[in-house]
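For reference, entry-v3.tsv (TSV, C-alpha atoms):
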```tsv
chain	number	residue	atom	x	y	z
A	26	SER	CA	-21.83	-42.58	58.97
A	27	GLY	CA	-18.31	-43.48	57.90
A	28	LEU	CA	-15.34	-41.61	56.56
A	29	SER	CA	-16.96	-40.46	53.31
A	30	SER	CA	-19.93	-38.93	55.12
A	31	ALA	CA	-17.62	-37.19	57.55
A	32	ILE	CA	-15.62	-35.68	54.67
A	33	LEU	CA	-18.76	-34.50	52.89
A	34	ASP	CA	-20.12	-32.97	56.11
A	35	GLY	CA	-16.82	-31.20	56.65
A	36	ILE	CA	-16.85	-29.77	53.10
A	37	GLN	CA	-20.46	-28.57	53.53
A	38	HIS	CA	-19.55	-26.76	56.75
A	39	SER	CA	-16.37	-25.21	55.40
A	40	SER	CA	-16.25	-21.45	54.77
A	41	GLY	CA	-12.91	-20.96	53.01
A	42	GLU	CA	-12.12	-20.74	49.28
A	43	THR	CA	-10.17	-24.00	49.21
A	44	VAL	CA	-10.76	-27.33	50.96
A	45	VAL	CA	-7.88	-29.79	51.46
A	46	VAL	CA	-8.79	-33.35	52.48
A	47	MET	CA	-6.05	-35.31	54.20
A	48	ASP	CA	-5.63	-38.05	56.83
A	49	SER	CA	-5.36	-36.92	60.45
A	50	ASP	CA	-2.59	-39.38	61.25
A	51	PHE	CA	-0.03	-37.07	59.61
A	52	SER	CA	0.64	-39.56	56.84
A	53	HIS	CA	-0.05	-36.43	54.73
A	54	PRO	CA	2.25	-33.71	56.12
A	55	PRO	CA	0.28	-30.50	56.88
A	56	LYS	CA	3.23	-28.39	55.77
A	57	ILE	CA	2.42	-29.12	52.13
A	58	ILE	CA	-1.04	-27.51	52.46
A	59	PRO	CA	0.23	-24.02	51.43
A	60	GLN	CA	1.88	-25.59	48.39
A	61	LEU	CA	-1.32	-27.37	47.43
A	62	ILE	CA	-3.35	-24.19	47.83
A	63	GLU	CA	-0.88	-22.22	45.74
A	64	GLU	CA	-1.03	-24.90	43.06
A	65	ILE	CA	-4.83	-24.81	43.09
A	66	LYS	CA	-4.91	-21.02	42.83
A	67	TYR	CA	-2.41	-20.93	40.01
A	68	ASN	CA	-4.34	-23.58	38.10
A	69	HIS	CA	-7.43	-21.46	38.63
A	70	ALA	CA	-5.57	-18.45	37.21
A	71	LYS	CA	-4.55	-20.57	34.19
A	72	LEU	CA	-8.11	-21.74	33.71
A	73	ILE	CA	-9.43	-18.18	33.57
A	74	ASN	CA	-6.31	-17.16	31.63
A	75	THR	CA	-6.57	-13.37	31.92
A	76	VAL	CA	-4.20	-10.64	33.02
A	77	VAL	CA	-6.45	-10.06	36.03
A	78	SER	CA	-6.37	-13.72	37.10
A	79	TYR	CA	-2.57	-13.90	36.88
A	80	LYS	CA	-2.17	-10.59	38.71
A	81	LYS	CA	-4.46	-11.86	41.46
A	82	TYR	CA	-2.15	-14.86	41.86
A	83	MET	CA	0.91	-12.57	41.90
A	84	GLU	CA	-0.58	-10.34	44.58
A	85	GLU	CA	-0.90	-13.34	46.86
A	86	TYR	CA	2.29	-15.11	45.80
A	87	PRO	CA	4.77	-12.48	44.55
A	88	ASP	CA	7.63	-14.96	45.08
A	89	GLY	CA	5.57	-18.07	44.46
A	90	LYS	CA	6.52	-21.22	42.64
A	91	TYR	CA	4.75	-20.05	39.47
A	92	ALA	CA	5.54	-16.34	39.77
A	93	ASP	CA	7.91	-16.29	36.79
A	94	HIS	CA	5.41	-18.08	34.60
A	95	ALA	CA	2.62	-15.76	35.73
A	96	VAL	CA	4.75	-12.69	34.97
A	97	LYS	CA	5.50	-14.11	31.53
A	98	ARG	CA	1.82	-14.77	30.82
A	99	ILE	CA	0.88	-11.25	31.98
A	100	ASP	CA	3.55	-9.77	29.73
A	101	GLU	CA	2.42	-11.85	26.73
A	102	LYS	CA	-1.22	-10.97	27.19
A	103	GLU	CA	-0.54	-7.27	27.71
A	104	PHE	CA	1.61	-7.24	24.58
A	105	ARG	CA	-1.14	-9.00	22.62
A	106	THR	CA	-3.62	-6.40	23.87
A	107	LEU	CA	-1.20	-3.70	22.72
A	108	LEU	CA	-0.98	-5.24	19.25
A	109	ASP	CA	-4.77	-5.32	19.05
A	110	SER	CA	-4.88	-1.61	19.85
A	111	LYS	CA	-5.81	0.90	17.15
A	112	ASP	CA	-3.94	3.70	18.90
A	113	ILE	CA	-0.89	4.53	16.77
A	114	ASN	CA	0.51	6.90	19.39
A	115	LEU	CA	0.30	4.23	22.09
A	116	LEU	CA	2.12	1.76	19.88
A	117	ALA	CA	4.77	4.34	18.97
A	118	GLU	CA	5.33	5.08	22.68
A	119	HIS	CA	5.84	1.37	23.34
A	120	LEU	CA	8.59	1.24	20.72
A	121	GLU	CA	10.64	3.71	22.75
A	122	SER	CA	11.02	1.21	25.58
A	123	GLU	CA	10.80	-2.13	23.76
A	124	THR	CA	14.10	-4.02	23.42
A	125	ASN	CA	12.94	-7.32	21.97
A	126	GLU	CA	13.69	-7.28	18.22
A	127	GLU	CA	10.82	-9.60	17.33
A	128	ARG	CA	8.35	-7.47	19.25
A	129	ILE	CA	9.73	-4.27	17.75
A	130	LYS	CA	9.04	-5.71	14.30
A	131	LEU	CA	5.52	-6.77	15.28
A	132	VAL	CA	4.69	-3.31	16.67
A	133	LYS	CA	6.10	-1.57	13.59
A	134	ASN	CA	4.05	-3.85	11.33
A	135	ARG	CA	0.94	-3.06	13.37
A	136	ILE	CA	1.56	0.68	13.10
A	137	GLU	CA	1.99	0.33	9.33
A	138	GLU	CA	-1.21	-1.71	9.11
A	139	LEU	CA	-3.13	0.97	11.01
A	140	TYR	CA	-1.83	3.72	8.69
A	141	PHE	CA	-3.06	1.70	5.71
A	142	LYS	CA	-6.45	0.91	7.29
A	143	LYS	CA	-6.85	4.57	8.21
A	144	ALA	CA	-6.51	5.47	4.53
A	145	GLU	CA	-9.10	2.82	3.63
A	146	LYS	CA	-11.63	4.45	5.97
A	147	ALA	CA	-11.33	7.97	4.53
A	148	VAL	CA	-14.65	9.75	4.05
A	149	ASN	CA	-14.21	10.53	0.34
A	150	ASP	CA	-12.10	9.55	-2.67
A	151	ILE	CA	-9.88	12.64	-2.65
A	152	GLU	CA	-9.03	12.29	1.03
A	153	SER	CA	-8.45	8.57	0.60
A	154	ILE	CA	-6.00	9.17	-2.26
A	155	LYS	CA	-4.08	11.67	-0.14
A	156	MET	CA	-3.91	9.28	2.81
A	157	HIS	CA	-2.78	6.38	0.60
A	158	GLU	CA	-0.11	8.65	-0.87
A	159	ASP	CA	0.97	9.61	2.66
A	160	TYR	CA	1.20	5.90	3.49
A	161	LEU	CA	3.39	5.27	0.41
A	162	GLN	CA	5.61	8.19	1.31
A	163	LYS	CA	6.08	6.76	4.78
A	164	TYR	CA	6.33	3.12	3.65
A	165	PRO	CA	7.49	3.08	-0.02
A	166	GLU	CA	8.46	-0.59	0.28
A	167	GLY	CA	5.77	-1.44	2.83
A	168	GLN	CA	3.74	-4.62	3.04
A	169	TYR	CA	0.68	-2.76	1.70
A	170	ALA	CA	2.51	-0.63	-0.90
A	171	GLN	CA	1.13	-2.54	-3.90
A	172	LYS	CA	-2.39	-2.42	-2.49
A	173	ALA	CA	-2.05	1.32	-1.86
A	174	GLU	CA	-0.91	1.97	-5.43
A	175	THR	CA	-3.78	-0.11	-6.81
A	176	ARG	CA	-6.25	1.64	-4.55
A	177	ILE	CA	-5.03	5.10	-5.62
A	178	GLU	CA	-5.53	4.08	-9.24
A	179	GLU	CA	-9.06	2.81	-8.55
A	180	LEU	CA	-9.98	5.95	-6.62
A	181	SER	CA	-8.57	8.15	-9.39
A	182	PHE	CA	-10.77	6.33	-11.90
A	183	ASN	CA	-13.78	6.78	-9.60
A	184	ILE	CA	-13.14	10.51	-9.53
A	185	ALA	CA	-12.79	10.59	-13.32
A	186	THR	CA	-16.12	8.79	-13.80
A	187	LYS	CA	-17.88	11.01	-11.26
A	188	THR	CA	-16.46	14.16	-12.87
A	189	ASN	CA	-17.24	12.68	-16.29
A	190	THR	CA	-15.30	15.14	-18.43
A	191	LYS	CA	-12.77	14.63	-21.23
A	192	GLU	CA	-10.18	16.35	-19.09
A	193	SER	CA	-10.71	14.02	-16.12
A	194	TYR	CA	-10.48	10.90	-18.31
A	195	SER	CA	-7.45	12.28	-20.18
A	196	ASN	CA	-5.64	13.05	-16.93
A	197	PHE	CA	-6.30	9.51	-15.74
A	198	ILE	CA	-4.99	8.02	-18.99
A	199	LYS	CA	-1.82	10.13	-18.83
A	200	LYS	CA	-1.16	9.13	-15.24
A	201	TYR	CA	-2.04	5.43	-15.64
A	202	PRO	CA	-1.30	4.40	-19.26
A	203	GLN	CA	-0.98	0.75	-18.23
A	204	SER	CA	-4.12	0.68	-16.11
A	205	LYS	CA	-6.70	-2.04	-16.52
A	206	ARG	CA	-9.19	0.86	-16.57
A	207	TYR	CA	-7.46	2.43	-19.59
A	208	LYS	CA	-10.05	1.22	-22.13
A	209	GLU	CA	-12.92	2.31	-19.89
A	210	ALA	CA	-11.42	5.78	-19.68
A	211	ILE	CA	-11.06	5.89	-23.48
A	212	ASP	CA	-14.67	4.74	-23.83
A	213	GLY	CA	-15.72	7.52	-21.47
A	214	ILE	CA	-14.13	10.10	-23.75
A	215	VAL	CA	-15.77	8.52	-26.82
A	216	VAL	CA	-19.20	8.67	-25.16
A	217	LEU	CA	-18.72	12.33	-24.28
A	218	ASP	CA	-17.64	13.21	-27.83
A	219	PHE	CA	-20.58	11.32	-29.29
A	220	ASN	CA	-22.96	13.14	-26.94
A	221	VAL	CA	-21.51	16.44	-28.19
A	222	ALA	CA	-22.23	15.34	-31.77
A	223	LEU	CA	-25.75	14.35	-30.75
A	224	SER	CA	-26.38	17.70	-29.06
A	225	GLU	CA	-25.18	19.61	-32.14
A	226	ASP	CA	-27.02	17.16	-34.40
A	227	THR	CA	-25.36	18.26	-37.64
A	228	ILE	CA	-23.73	16.34	-40.46
A	229	GLU	CA	-20.48	18.17	-39.75
A	230	SER	CA	-20.48	17.25	-36.06
A	231	PHE	CA	-20.93	13.55	-36.82
A	232	ARG	CA	-18.27	13.67	-39.55
A	233	ILE	CA	-15.80	15.19	-37.10
A	234	PHE	CA	-16.67	12.39	-34.66
A	235	LEU	CA	-16.04	9.74	-37.35
A	236	MET	CA	-12.71	11.31	-38.29
A	237	THR	CA	-11.64	10.99	-34.66
A	238	TYR	CA	-13.15	7.54	-34.04
A	239	PRO	CA	-13.53	5.78	-37.43
A	240	ASP	CA	-13.79	2.37	-35.78
A	241	GLY	CA	-15.32	3.46	-32.49
A	242	LYS	CA	-18.30	1.86	-30.77
A	243	PHE	CA	-20.58	4.65	-32.05
A	244	ALA	CA	-19.19	4.75	-35.62
A	245	GLN	CA	-22.22	3.02	-37.17
A	246	LYS	CA	-24.64	5.22	-35.25
A	247	ALA	CA	-22.77	8.32	-36.41
A	248	LYS	CA	-22.90	7.15	-40.05
A	249	LYS	CA	-26.60	6.45	-39.73
A	250	LYS	CA	-27.20	9.92	-38.25
A	251	ILE	CA	-25.29	11.52	-41.15
A	252	GLU	CA	-27.46	9.65	-43.65
A	253	GLU	CA	-30.64	10.61	-41.83
A	254	LEU	CA	-29.67	14.30	-41.65
A	255	ALA	CA	-28.62	14.29	-45.32
A	256	PHE	CA	-31.93	12.69	-46.25
A	257	GLU	CA	-33.78	15.33	-44.24
A	258	ASP	CA	-31.92	18.02	-46.20
A	259	ALA	CA	-32.93	16.30	-49.45
A	260	LYS	CA	-36.56	16.16	-48.27
A	261	THR	CA	-36.45	19.83	-47.34
A	262	GLU	CA	-35.25	20.68	-50.88
A	263	ASP	CA	-37.65	18.04	-52.22
A	264	THR	CA	-36.27	17.88	-55.76
A	265	ILE	CA	-35.31	14.98	-57.97
A	266	ASN	CA	-31.72	16.22	-58.12
A	267	ALA	CA	-31.55	16.42	-54.32
A	268	TYR	CA	-32.65	12.81	-53.99
A	269	LYS	CA	-30.25	11.74	-56.75
A	270	GLU	CA	-27.36	13.44	-54.97
A	271	PHE	CA	-28.34	11.66	-51.77
A	272	ILE	CA	-28.30	8.27	-53.54
A	273	ILE	CA	-24.92	9.00	-55.14
A	274	GLU	CA	-23.47	10.05	-51.77
A	275	TYR	CA	-25.07	7.23	-49.78
A	276	PRO	CA	-25.80	4.32	-52.15
A	277	ASP	CA	-25.86	1.76	-49.35
A	278	SER	CA	-28.06	3.76	-47.02
A	279	HIS	CA	-31.24	2.23	-45.68
A	280	LEU	CA	-32.92	5.43	-46.95
A	281	ALA	CA	-31.72	5.00	-50.55
A	282	ILE	CA	-34.82	2.98	-51.48
A	283	THR	CA	-37.06	5.70	-50.07
A	284	ALA	CA	-35.10	8.30	-52.08
A	285	LYS	CA	-35.53	6.23	-55.26
A	286	ASN	CA	-39.27	5.95	-54.64
A	287	LEU	CA	-39.50	9.71	-54.20
A	288	ILE	CA	-37.59	10.21	-57.46
A	289	GLU	CA	-40.05	7.97	-59.31
A	290	THR	CA	-42.93	9.83	-57.72
A	291	GLY	CA	-41.37	13.11	-58.89
A	292	TYR	CA	-40.98	11.87	-62.45
A	293	PHE	CA	-44.55	10.61	-62.47
A	294	GLU	CA	-45.93	13.89	-61.20
A	295	SER	CA	-43.86	15.79	-63.79
A	296	ALA	CA	-45.21	13.56	-66.53
A	297	SER	CA	-48.79	14.06	-65.33
A	298	HIS	CA	-48.46	17.83	-65.67
```
Please lay out the structure from this file as C-alpha cells.
Amino acid sequence: SGLSSAILDGIQHSSGETVVVMDSDFSHPPKIIPQLIEEIKYNHAKLINTVVSYKKYMEEYPDGKYADHAVKRIDEKEFRTLLDSKDINLLAEHLESETNEERIKLVKNRIEELYFKKAEKAVNDIESIKMHEDYLQKYPEGQYAQKAETRIEELSFNIATKTNTKESYSNFIKKYPQSKRYKEAIDGIVVLDFNVALSEDTIESFRIFLMTYPDGKFAQKAKKKIEELAFEDAKTEDTINAYKEFIIEYPDSHLAITAKNLIETGYFESASH
C-alpha cells in the first residue's frame, strides 16, 4: 500500500528499457521525458565508453543534445585504435586524408616505430642488420636512429663471434674502431692465433705468436710451451751439452732444475764408466 509500493509495482510490471517516475499532477511536465531518456542513454554510452556504444546513441539521436560530443568521442577512439594498429599500409593511407597536424605527427611516429620494431623481429642477424639499415636510410635522424646504430653494431659482433675467424673479427674492428666490443674482437683474434700455435705445436709457431702478442693474455702460456718443447728436444738428444744449452737459453724455466739434475746424472754415469 502507499505511493512507494505503487511505484515499485509499476517498475516490476514495466517492459521498456527505461523507467521514468514522475507525479501524475503534471508538476513534472511529460514533455521532458524524451530529454531524460536521451540523457540516460548518453550516460549509458559514456559508461560503456566504446565506439559501438556511442554509435548506438548516434543512431537513435543523430541530432541529439550530445551528438557532437559522441562524434568527437567516436573519432578519438577510432584514431586511438588506428595508432594501436600494426598495419603500416593502413596508417600510411590515413595520412593521405588527415589534416590535423598533431595527428599527422602521431601517425608518422607510429609508422616509424613499426619500421624499427619490424627490424627487431627479424629472423636472423643478417636480415636484422639489413632491416635496421633500411630504417636508418628512411629515418637518418629518427627517434630510434641511435638504437638502430647500436643494434647493428651488436648484431655485427654476434656474426663475427659466430663466424669466429680472424677475417670476421678484423672486419668488425675496421668498421667499429670505437666499439665497446673492440677489445673482445681483439681477444677473439688472439685466441684464434694461439690455437693455431697450439695446433702446430712447434717452438717456431709459439715464437711467432709471442712476436705478435708479446704482452697478450696467452704470452706466459706460449713461453711455457716453448720451454717445454725445447726441453723435449734436449731430452730427445739426451746429452749433457743439450741440457746445458737448454739451461743457458732458459735459465729461469721451471724445467731448469730438472735439466741440471740430468746433467749431474750424466756426469755421474760418465764417471762410473
I want to know what sits within 9 Å of segment 239-246 of chain A, based on all atoms listed in the file, with residues of the same chain fewer than 5 positions away left out; could you give that as a JSON list (two decimals) with C-alpha atoms, in the coordinates of the input?
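Dumped to selection29.json:
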```json
[["chain", "number", "residue", "atom", "x", "y", "z"],
["A", 212, "ASP", "CA", -14.67, 4.74, -23.83],
["A", 215, "VAL", "CA", -15.77, 8.52, -26.82],
["A", 216, "VAL", "CA", -19.20, 8.67, -25.16],
["A", 219, "PHE", "CA", -20.58, 11.32, -29.29],
["A", 234, "PHE", "CA", -16.67, 12.39, -34.66],
["A", 251, "ILE", "CA", -25.29, 11.52, -41.15]]
```
Exercise. Do a neighbour search on Arg135 of chain A at 9 Å with all atoms listed in the file, toss out local chain neighbours closer than 5 positions, and write the hits as a PyMOL selection string.
Key: chain A and resi 108-111+113+116+130+140
Exercise. Rank A:Glu85, A:Asp150, A:Glu253, A:Glu209 by their smallest atom-to-atom distance to Ser278 of chain A, using only C-alpha atoms, and report the top residue only.
Key: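 Nearest to Ser278 of chain A: A:Glu253.
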Quiz item: Could you work out how far atom CA of Met83 of chain A lies from atom CA of Glu63 of chain A, giving the answer in Å with one decimal?
Solution: 10.5 Å
Exercise. Find the residues around Leu131 of chain A up to 12 Å (only C-alpha atoms counted), leave out those fewer than 4 positions away in its own chain, and share them as a ChimeraX atom specification.
Key: /A:104-105,107-109,116-117,119-120,123,125-127,135-138
Quiz prompt | Residues within 12 Å of (-0.7, -24.5, 48.2), counting all atoms listed in the file, listed as an MDAnalysis selection string | solution = chainID A and resid 43:45 55:68 82 85:86 89:91
Quiz item: Counting all atoms listed in the file, what is within 12 Å of Glu121 of chain A, bar same-chain residues fewer than 6 positions away, as a ChimeraX atom specification?
Solution: /A:114-115,128-129,132-133
